[in-house]
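For reference, entry_19.cif (mmCIF, C-alpha atoms and all ligand atoms; chains and numbers go by the auth columns):
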```cif
data_input
loop_
_atom_site.group_PDB
_atom_site.id
_atom_site.type_symbol
_atom_site.label_atom_id
_atom_site.label_comp_id
_atom_site.label_asym_id
_atom_site.label_seq_id
_atom_site.Cartn_x
_atom_site.Cartn_y
_atom_site.Cartn_z
_atom_site.B_iso_or_equiv
_atom_site.auth_seq_id
_atom_site.auth_asym_id
ATOM 1 C CA MET A 1 -2.556 -9.550 1.238 0.00 10 A
ATOM 2 C CA SER A 2 -3.116 -12.742 3.222 0.00 11 A
ATOM 3 C CA ASP A 3 -5.735 -14.031 0.744 0.00 12 A
ATOM 4 C CA GLY A 4 -3.390 -13.957 -2.222 0.00 13 A
ATOM 5 C CA PRO A 5 -0.049 -12.258 -2.787 0.00 14 A
ATOM 6 C CA ASP A 6 0.644 -8.551 -2.393 0.00 15 A
ATOM 7 C CA THR A 7 1.063 -6.892 -5.745 0.00 16 A
ATOM 8 C CA HIS A 8 3.017 -3.784 -6.648 0.00 17 A
ATOM 9 C CA ASP A 9 2.513 -1.645 -9.713 0.00 18 A
ATOM 10 C CA ALA A 10 4.936 0.725 -11.407 0.00 19 A
ATOM 11 C CA ASP A 11 4.288 3.306 -8.639 0.00 20 A
ATOM 12 C CA GLY A 12 5.186 0.778 -5.945 0.00 21 A
ATOM 13 C CA VAL A 13 1.635 0.825 -4.558 0.00 22 A
ATOM 14 C CA THR A 14 0.801 -2.337 -2.592 0.00 23 A
ATOM 15 C CA LEU A 15 -2.687 -3.742 -2.043 0.00 24 A
ATOM 16 C CA GLN A 16 -3.298 -5.151 1.433 0.00 25 A
ATOM 17 C CA TRP A 17 -6.235 -6.587 3.369 0.00 26 A
ATOM 18 C CA VAL A 18 -6.853 -4.642 6.561 0.00 27 A
ATOM 19 C CA GLU A 19 -5.828 -6.701 9.570 0.00 28 A
ATOM 20 C CA ARG A 20 -5.174 -4.014 12.204 0.00 29 A
ATOM 21 C CA ALA A 21 -7.094 -1.154 13.803 0.00 30 A
ATOM 22 C CA ASP A 22 -4.573 1.474 12.640 0.00 31 A
ATOM 23 C CA GLN A 23 -5.022 0.334 9.013 0.00 32 A
ATOM 24 C CA LEU A 24 -8.812 0.635 9.335 0.00 33 A
ATOM 25 C CA ARG A 25 -8.440 4.097 10.877 0.00 34 A
ATOM 26 C CA ALA A 26 -6.266 5.187 7.933 0.00 35 A
ATOM 27 C CA ALA A 27 -8.820 3.814 5.452 0.00 36 A
ATOM 28 C CA GLN A 28 -11.631 5.662 7.247 0.00 37 A
ATOM 29 C CA ALA A 29 -9.580 8.885 7.329 0.00 38 A
ATOM 30 C CA LEU A 30 -9.145 8.628 3.548 0.00 39 A
ATOM 31 C CA ARG A 31 -12.895 8.062 3.105 0.00 40 A
ATOM 32 C CA VAL A 32 -13.666 11.098 5.262 0.00 41 A
ATOM 33 C CA ARG A 33 -11.327 13.214 3.090 0.00 42 A
ATOM 34 C CA VAL A 34 -12.825 11.933 -0.156 0.00 43 A
ATOM 35 C CA PHE A 35 -16.517 11.418 0.599 0.00 44 A
ATOM 36 C CA CYS A 36 -17.150 13.936 3.400 0.00 45 A
ATOM 37 C CA GLU A 37 -14.759 16.771 2.621 0.00 46 A
ATOM 38 C CA GLU A 38 -14.754 16.508 -1.208 0.00 47 A
ATOM 39 C CA GLN A 39 -18.289 15.300 -1.816 0.00 48 A
ATOM 40 C CA GLY A 40 -20.236 16.539 1.224 0.00 49 A
ATOM 41 C CA VAL A 41 -21.445 13.189 2.586 0.00 50 A
ATOM 42 C CA PRO A 42 -22.226 13.486 6.330 0.00 51 A
ATOM 43 C CA ARG A 43 -19.626 11.741 8.493 0.00 52 A
ATOM 44 C CA GLU A 44 -22.237 9.655 10.350 0.00 53 A
ATOM 45 C CA VAL A 45 -23.558 8.354 7.010 0.00 54 A
ATOM 46 C CA GLU A 46 -20.080 7.595 5.717 0.00 55 A
ATOM 47 C CA LEU A 47 -18.782 5.727 8.788 0.00 56 A
ATOM 48 C CA ASP A 48 -21.724 3.356 9.309 0.00 57 A
ATOM 49 C CA ALA A 49 -22.105 0.051 11.164 0.00 58 A
ATOM 50 C CA GLY A 50 -21.006 -1.902 8.065 0.00 59 A
ATOM 51 C CA ASP A 51 -17.372 -1.059 8.825 0.00 60 A
ATOM 52 C CA ALA A 52 -17.305 -3.440 11.793 0.00 61 A
ATOM 53 C CA ILE A 53 -18.273 -6.489 9.706 0.00 62 A
ATOM 54 C CA ALA A 54 -16.742 -5.660 6.302 0.00 63 A
ATOM 55 C CA ARG A 55 -13.525 -6.940 4.754 0.00 64 A
ATOM 56 C CA HIS A 56 -11.509 -3.802 3.991 0.00 65 A
ATOM 57 C CA ALA A 57 -8.691 -3.452 1.470 0.00 66 A
ATOM 58 C CA ILE A 58 -6.172 -0.643 1.255 0.00 67 A
ATOM 59 C CA ALA A 59 -3.679 0.571 -1.332 0.00 68 A
ATOM 60 C CA VAL A 60 -0.444 1.680 0.319 0.00 69 A
ATOM 61 C CA ALA A 61 2.113 4.025 -1.277 0.00 70 A
ATOM 62 C CA PRO A 62 5.855 3.334 -0.865 0.00 71 A
ATOM 63 C CA ASP A 63 6.022 5.884 1.988 0.00 72 A
ATOM 64 C CA GLY A 64 3.325 3.959 3.906 0.00 73 A
ATOM 65 C CA GLN A 65 0.507 6.406 3.181 0.00 74 A
ATOM 66 C CA VAL A 66 -2.896 4.809 2.543 0.00 75 A
ATOM 67 C CA VAL A 67 -3.939 6.154 -0.876 0.00 76 A
ATOM 68 C CA GLY A 68 -6.844 3.875 -1.736 0.00 77 A
ATOM 69 C CA THR A 69 -9.511 1.801 -0.052 0.00 78 A
ATOM 70 C CA MET A 70 -12.581 -0.370 -0.637 0.00 79 A
ATOM 71 C CA ARG A 71 -14.818 -2.491 1.580 0.00 80 A
ATOM 72 C CA LEU A 72 -16.615 -5.761 0.892 0.00 81 A
ATOM 73 C CA LEU A 73 -19.733 -7.091 2.616 0.00 82 A
ATOM 74 C CA VAL A 74 -21.000 -10.635 2.010 0.00 83 A
ATOM 75 C CA ARG A 75 -24.737 -11.127 2.144 0.00 84 A
ATOM 76 C CA ASP A 76 -27.178 -13.530 0.465 0.00 85 A
ATOM 77 C CA HIS A 77 -24.549 -15.044 -1.861 0.00 86 A
ATOM 78 C CA VAL A 78 -23.487 -11.603 -3.076 0.00 87 A
ATOM 79 C CA VAL A 79 -20.395 -9.518 -2.295 0.00 88 A
ATOM 80 C CA LYS A 80 -21.352 -5.872 -1.984 0.00 89 A
ATOM 81 C CA VAL A 81 -18.481 -3.577 -2.955 0.00 90 A
ATOM 82 C CA GLY A 82 -18.481 -0.139 -1.376 0.00 91 A
ATOM 83 C CA ARG A 83 -16.556 2.907 -0.228 0.00 92 A
ATOM 84 C CA VAL A 84 -14.137 2.819 -3.190 0.00 93 A
ATOM 85 C CA ALA A 85 -11.979 5.899 -2.675 0.00 94 A
ATOM 86 C CA ILE A 86 -8.605 6.953 -4.047 0.00 95 A
ATOM 87 C CA ASP A 87 -6.554 9.890 -2.758 0.00 96 A
ATOM 88 C CA ARG A 88 -6.895 12.800 -5.186 0.00 97 A
ATOM 89 C CA GLU A 89 -3.157 12.824 -5.946 0.00 98 A
ATOM 90 C CA TRP A 90 -3.200 9.133 -6.845 0.00 99 A
ATOM 91 C CA ARG A 91 -6.172 8.955 -9.216 0.00 100 A
ATOM 92 C CA GLY A 92 -5.974 7.853 -12.826 0.00 101 A
ATOM 93 C CA ARG A 93 -3.234 5.280 -12.209 0.00 102 A
ATOM 94 C CA GLY A 94 -5.405 2.173 -12.175 0.00 103 A
ATOM 95 C CA ILE A 95 -5.496 1.735 -8.377 0.00 104 A
ATOM 96 C CA ALA A 96 -9.302 1.453 -8.165 0.00 105 A
ATOM 97 C CA SER A 97 -9.255 -1.065 -11.019 0.00 106 A
ATOM 98 C CA ARG A 98 -6.704 -3.157 -9.141 0.00 107 A
ATOM 99 C CA LEU A 99 -8.868 -3.048 -6.018 0.00 108 A
ATOM 100 C CA LEU A 100 -11.847 -4.259 -8.074 0.00 109 A
ATOM 101 C CA ASP A 101 -9.765 -7.194 -9.363 0.00 110 A
ATOM 102 C CA ARG A 102 -9.200 -8.131 -5.713 0.00 111 A
ATOM 103 C CA ALA A 103 -12.928 -7.850 -5.046 0.00 112 A
ATOM 104 C CA MET A 104 -13.513 -10.442 -7.772 0.00 113 A
ATOM 105 C CA GLU A 105 -10.850 -12.770 -6.330 0.00 114 A
ATOM 106 C CA TYR A 106 -12.458 -12.420 -2.896 0.00 115 A
ATOM 107 C CA ALA A 107 -15.911 -13.169 -4.342 0.00 116 A
ATOM 108 C CA GLN A 108 -14.549 -16.295 -6.032 0.00 117 A
ATOM 109 C CA ARG A 109 -13.061 -17.498 -2.748 0.00 118 A
ATOM 110 C CA GLN A 110 -16.347 -16.810 -0.948 0.00 119 A
ATOM 111 C CA ARG A 111 -18.118 -18.793 -3.696 0.00 120 A
ATOM 112 C CA VAL A 112 -20.809 -16.137 -4.114 0.00 121 A
ATOM 113 C CA ASP A 113 -22.839 -15.692 -7.302 0.00 122 A
ATOM 114 C CA ALA A 114 -22.286 -11.994 -7.959 0.00 123 A
ATOM 115 C CA LEU A 115 -20.661 -8.707 -7.041 0.00 124 A
ATOM 116 C CA ARG A 116 -22.957 -5.741 -6.559 0.00 125 A
ATOM 117 C CA LEU A 117 -22.374 -2.046 -5.941 0.00 126 A
ATOM 118 C CA ALA A 118 -24.096 1.302 -5.933 0.00 127 A
ATOM 119 C CA ALA A 119 -21.961 3.318 -8.360 0.00 128 A
ATOM 120 C CA GLN A 120 -21.922 7.064 -8.457 0.00 129 A
ATOM 121 C CA THR A 121 -23.162 7.594 -12.006 0.00 130 A
ATOM 122 C CA ALA A 122 -20.186 9.932 -12.562 0.00 131 A
ATOM 123 C CA ALA A 123 -17.821 7.013 -11.868 0.00 132 A
ATOM 124 C CA GLN A 124 -19.765 4.411 -13.857 0.00 133 A
ATOM 125 C CA ARG A 125 -17.074 4.039 -16.501 0.00 134 A
ATOM 126 C CA LEU A 126 -14.652 2.644 -13.934 0.00 135 A
ATOM 127 C CA TYR A 127 -17.077 -0.177 -13.161 0.00 136 A
ATOM 128 C CA LEU A 128 -18.121 -0.780 -16.769 0.00 137 A
ATOM 129 C CA LYS A 129 -14.441 -1.319 -17.575 0.00 138 A
ATOM 130 C CA ALA A 130 -14.261 -3.793 -14.688 0.00 139 A
ATOM 131 C CA GLY A 131 -17.101 -5.874 -16.160 0.00 140 A
ATOM 132 C CA PHE A 132 -20.067 -4.550 -14.164 0.00 141 A
ATOM 133 C CA ARG A 133 -23.378 -3.705 -15.852 0.00 142 A
ATOM 134 C CA PRO A 134 -25.993 -1.224 -14.641 0.00 143 A
ATOM 135 C CA VAL A 135 -29.358 -2.528 -13.410 0.00 144 A
ATOM 136 C CA GLY A 136 -32.457 -0.431 -12.794 0.00 145 A
ATOM 137 C CA GLU A 137 -32.897 3.300 -12.666 0.00 146 A
ATOM 138 C CA PRO A 138 -30.518 5.866 -11.084 0.00 147 A
ATOM 139 C CA PHE A 139 -31.377 6.877 -7.496 0.00 148 A
ATOM 140 C CA ASP A 140 -30.245 9.431 -4.925 0.00 149 A
ATOM 141 C CA GLU A 141 -28.041 8.435 -1.976 0.00 150 A
ATOM 142 C CA ALA A 142 -26.505 11.046 0.335 0.00 151 A
ATOM 143 C CA GLY A 143 -27.384 13.698 -2.278 0.00 152 A
ATOM 144 C CA ILE A 144 -25.364 11.960 -5.036 0.00 153 A
ATOM 145 C CA GLU A 145 -26.850 10.149 -8.037 0.00 154 A
ATOM 146 C CA HIS A 146 -26.108 6.410 -8.006 0.00 155 A
ATOM 147 C CA VAL A 147 -27.012 3.360 -10.056 0.00 156 A
ATOM 148 C CA TRP A 148 -26.881 -0.298 -9.015 0.00 157 A
ATOM 149 C CA MET A 149 -24.346 -2.352 -10.959 0.00 158 A
ATOM 150 C CA VAL A 150 -23.685 -6.095 -10.913 0.00 159 A
ATOM 151 C CA ARG A 151 -21.083 -8.505 -12.155 0.00 160 A
ATOM 152 C CA GLU A 152 -21.546 -12.254 -12.182 0.00 161 A
ATOM 153 C CA VAL A 153 -18.796 -14.258 -10.508 0.00 162 A
ATOM 154 C CA VAL A 154 -17.136 -16.843 -12.692 0.00 163 A
ATOM 155 C CA PRO A 155 -15.977 -19.688 -10.430 0.00 164 A
ATOM 156 C CA ARG A 156 -12.234 -20.259 -10.392 0.00 165 A
ATOM 157 C CA LYS A 157 -11.013 -23.417 -12.068 0.00 166 A
ATOM 158 C CA PRO A 158 -9.800 -25.920 -9.477 0.00 167 A
ATOM 159 C CA ALA A 159 -6.001 -26.111 -9.313 0.00 168 A
ATOM 160 C CA ARG A 160 -4.647 -29.006 -11.402 0.00 169 A
ATOM 161 C CA ARG A 161 -3.212 -31.748 -9.208 0.00 170 A
ATOM 162 C CA ARG A 162 0.375 -32.520 -9.982 0.00 171 A
ATOM 163 C CA PRO A 163 1.057 -36.161 -10.861 0.00 172 A
ATOM 164 C CA PRO A 164 3.112 -38.018 -8.249 0.00 173 A
ATOM 165 C CA THR A 165 6.818 -38.027 -9.002 0.00 174 A
HETATM 166 C C1 LIG B . -13.722 6.972 -8.860 0.00 201 A
HETATM 167 C C2 LIG B . -12.319 6.643 -8.330 0.00 201 A
HETATM 168 C C3 LIG B . -12.479 5.599 -7.214 0.00 201 A
HETATM 169 C C4 LIG B . -11.486 6.051 -9.475 0.00 201 A
HETATM 170 O O1 LIG B . -10.203 5.668 -8.979 0.00 201 A
HETATM 171 P P1 LIG B . -8.921 5.592 -9.948 0.00 201 A
HETATM 172 O O2 LIG B . -7.867 4.822 -9.247 0.00 201 A
HETATM 173 O O3 LIG B . -8.585 6.949 -10.405 0.00 201 A
HETATM 174 O O4 LIG B . -9.519 4.763 -11.165 0.00 201 A
HETATM 175 P P2 LIG B . -8.675 3.990 -12.285 0.00 201 A
HETATM 176 O O5 LIG B . -7.401 4.739 -12.520 0.00 201 A
HETATM 177 O O6 LIG B . -8.563 2.558 -11.908 0.00 201 A
HETATM 178 O O7 LIG B . -9.649 4.179 -13.534 0.00 201 A
HETATM 179 C C5 LIG B . -10.110 3.125 -14.311 0.00 201 A
HETATM 180 C C6 LIG B . -10.984 3.638 -15.409 0.00 201 A
HETATM 181 O O8 LIG B . -12.170 4.255 -14.917 0.00 201 A
HETATM 182 C C7 LIG B . -12.303 5.572 -15.442 0.00 201 A
HETATM 183 N N1 LIG B . -12.669 6.469 -14.360 0.00 201 A
HETATM 184 C C8 LIG B . -12.149 6.482 -13.139 0.00 201 A
HETATM 185 N N2 LIG B . -12.725 7.428 -12.391 0.00 201 A
HETATM 186 C C9 LIG B . -13.630 8.033 -13.164 0.00 201 A
HETATM 187 C C10 LIG B . -14.525 9.118 -12.943 0.00 201 A
HETATM 188 N N3 LIG B . -14.634 9.765 -11.787 0.00 201 A
HETATM 189 N N4 LIG B . -15.310 9.469 -13.958 0.00 201 A
HETATM 190 C C11 LIG B . -15.236 8.825 -15.144 0.00 201 A
HETATM 191 N N5 LIG B . -14.393 7.816 -15.413 0.00 201 A
HETATM 192 C C12 LIG B . -13.598 7.428 -14.423 0.00 201 A
HETATM 193 C C13 LIG B . -10.972 5.989 -15.954 0.00 201 A
HETATM 194 O O9 LIG B . -11.151 6.790 -17.093 0.00 201 A
HETATM 195 C C14 LIG B . -10.262 4.701 -16.217 0.00 201 A
HETATM 196 O O10 LIG B . -10.379 4.339 -17.570 0.00 201 A
HETATM 197 P P3 LIG B . -9.153 4.655 -18.574 0.00 201 A
HETATM 198 O O11 LIG B . -7.940 4.006 -17.937 0.00 201 A
HETATM 199 O O12 LIG B . -9.589 4.008 -19.830 0.00 201 A
HETATM 200 O O13 LIG B . -9.067 6.132 -18.650 0.00 201 A
HETATM 201 C C15 LIG B . -11.599 7.916 -7.807 0.00 201 A
HETATM 202 O O14 LIG B . -11.629 8.899 -8.807 0.00 201 A
HETATM 203 C C16 LIG B . -12.220 8.471 -6.537 0.00 201 A
HETATM 204 O O15 LIG B . -11.832 8.090 -5.433 0.00 201 A
HETATM 205 N N6 LIG B . -13.174 9.403 -6.700 0.00 201 A
HETATM 206 C C17 LIG B . -13.851 10.001 -5.554 0.00 201 A
HETATM 207 C C18 LIG B . -14.692 8.972 -4.803 0.00 201 A
HETATM 208 C C19 LIG B . -15.681 8.262 -5.693 0.00 201 A
HETATM 209 O O16 LIG B . -16.366 8.900 -6.471 0.00 201 A
HETATM 210 N N7 LIG B . -15.758 6.935 -5.535 0.00 201 A
HETATM 211 C C20 LIG B . -16.640 6.121 -6.308 0.00 201 A
HETATM 212 C C21 LIG B . -17.820 5.790 -5.509 0.00 201 A
HETATM 213 S S1 LIG B . -18.944 4.833 -6.476 0.00 201 A
#
```
Spell out the structure here as structure tokens.
Ligand SMILES: CC(C)(COP(=O)(O)OP(=O)(O)OC[C@H]1O[C@@H](n2cnc3c(N)ncnc32)[C@H](O)[C@@H]1OP(=O)(O)O)[C@@H](O)C(=O)NCCC(=O)NCCS
Amino acid sequence: MSDGPDTHDADGVTLQWVERADQLRAAQALRVRVFCEEQGVPREVELDAGDAIARHAIAVAPDGQVVGTMRLLVRDHVVKVGRVAIDREWRGRGIASRLLDRAMEYAQRQRVDALRLAAQTAAQRLYLKAGFRPVGEPFDEAGIEHVWMVREVVPRKPARRRPPT
């Protein structure tokens, strides 16, 4: 990732910021598989205008396959996290949690006050573990029950200056 180092886990999965059109296409193809084909979200709802202005991250398997994705939109001093999707074969290995760590690092660099997301209530535990808390009542979006969740951003400590040698 250009904003911070690439990291690998035990599976050799690398997190990267999307810089090229082919990476974005792969992320969108994964979202279509997960949200449209698995969950029944209409394609035109899934691939909305936010894609053109978002910062996208991908998780890449050792063979180059994109197995995870997330997008971040900055607005009104808040980073909105969305479209968190992991390939079915790669779930339960902590990839979404690693992506959420990167969302926090991004939010700290953007100096925003909070991270916000509309969580599918079925996936709430993922976000609770990542430090988000639910706010307000559940609501329907694209036929799926969601709840807003927020996490305050703790500013990063400034790097200590090394004394002159
Ligand atoms: C939800 C999803 C993104 C989680 O990705 P993942 O890489 O498997 O998540 P992680 O391995 O980082 O899981 C972290 C924690 O969240 C929990 N969790 C993850 N997905 C969950 C789910 N669907 N339901 C309940 N708990 C879940 C896990 O139990 C895990 O905790 P544990 O390690 O103590 O067991 C993935 O299952 C997915 O793509 N689902 C379909 C799309 C979707 O629903 N996206 C969420 C939109 S809000």
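The environment of stretch 78-89 of chain A within 8 Å, counting only C-alpha atoms and disregarding residues fewer than 6 places along the same chain, consists of A:Ala36, A:Leu39, A:Arg40, A:Gly59, A:Asp60, A:Ile62, A:Ala63, A:Arg64, A:His65, A:Ala66, A:Ile67, A:Ala68, A:Ile95, A:Leu108, A:Ala112, A:Ala116, A:Arg120, A:Val121, A:Asp122, A:Ala123, A:Leu124, A:Arg125, A:Leu126.
Atom to atom, atom C19 of ligand LIG 201 (chain A) and atom CA of A:Ala94 stand 5.3 Å apart.
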Please report, as CSV, each residue of chain A lying at most 6 Å from ligand LIG 201 (chain A), together with the nearest pair of atoms and the separation in Å rounded to one decimal; use only C-alpha atoms and all ligand atoms, and order rows by chain and ascending residue number.
```
residue,atom,partner,partner_atom,distance
A:Val43,CA,A:LIG201,C18,5.8
A:Val93,CA,A:LIG201,N7,5.0
A:Ala94,CA,A:LIG201,O15,3.5
A:Ile95,CA,A:LIG201,O15,3.7
A:Arg100,CA,A:LIG201,O3,3.4
A:Gly101,CA,A:LIG201,O5,3.4
A:Arg102,CA,A:LIG201,O5,4.2
A:Gly103,CA,A:LIG201,O6,3.2
A:Ile104,CA,A:LIG201,O2,4.0
A:Ala105,CA,A:LIG201,O2,3.8
A:Ser106,CA,A:LIG201,O6,3.8
A:Ala128,CA,A:LIG201,S1,3.9
A:Gln129,CA,A:LIG201,S1,4.2
A:Ala131,CA,A:LIG201,N4,5.1
A:Ala132,CA,A:LIG201,C10,4.1
A:Arg134,CA,A:LIG201,N5,4.8
A:Leu135,CA,A:LIG201,O8,3.1
```
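Picture a line from atom CA of A:Val159 to atom CA of A:Phe141; it runs 5.1 Å.
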Enclosing box along x, y and z for every listed atom of stretch 96-100 of chain A, padded 4 Å each side, centre and size in Å, one decimal, as AutoDock Vina command-line options:
```
--center_x -5.0 --center_y 10.9 --center_z -6.0 --size_x 11.7 --size_y 11.9 --size_z 14.5
```
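Distance annotation: of A:Asp110, A:Gly73, A:Met158, A:Cys45, the residue with the minimal separation from A:Val144 is A:Met158; atom set is all atoms listed in the file.
Closest approach to A:Arg52 among A:Ala151, A:Ala168, A:Val69, A:Leu137: A:Ala151, based on all atoms listed in the file.
Between atom CA of A:Arg29 and atom CA of A:Val76 the separation is 16.6 Å.
Here the PyMOL selection byres (((chain A and resi 22) around 7) and not hetatm) matches the residues His17, Asp18, Asp20, Gly21, Thr23, Leu24, Ala68, Val69, Ala70 and Pro71 of chain A.
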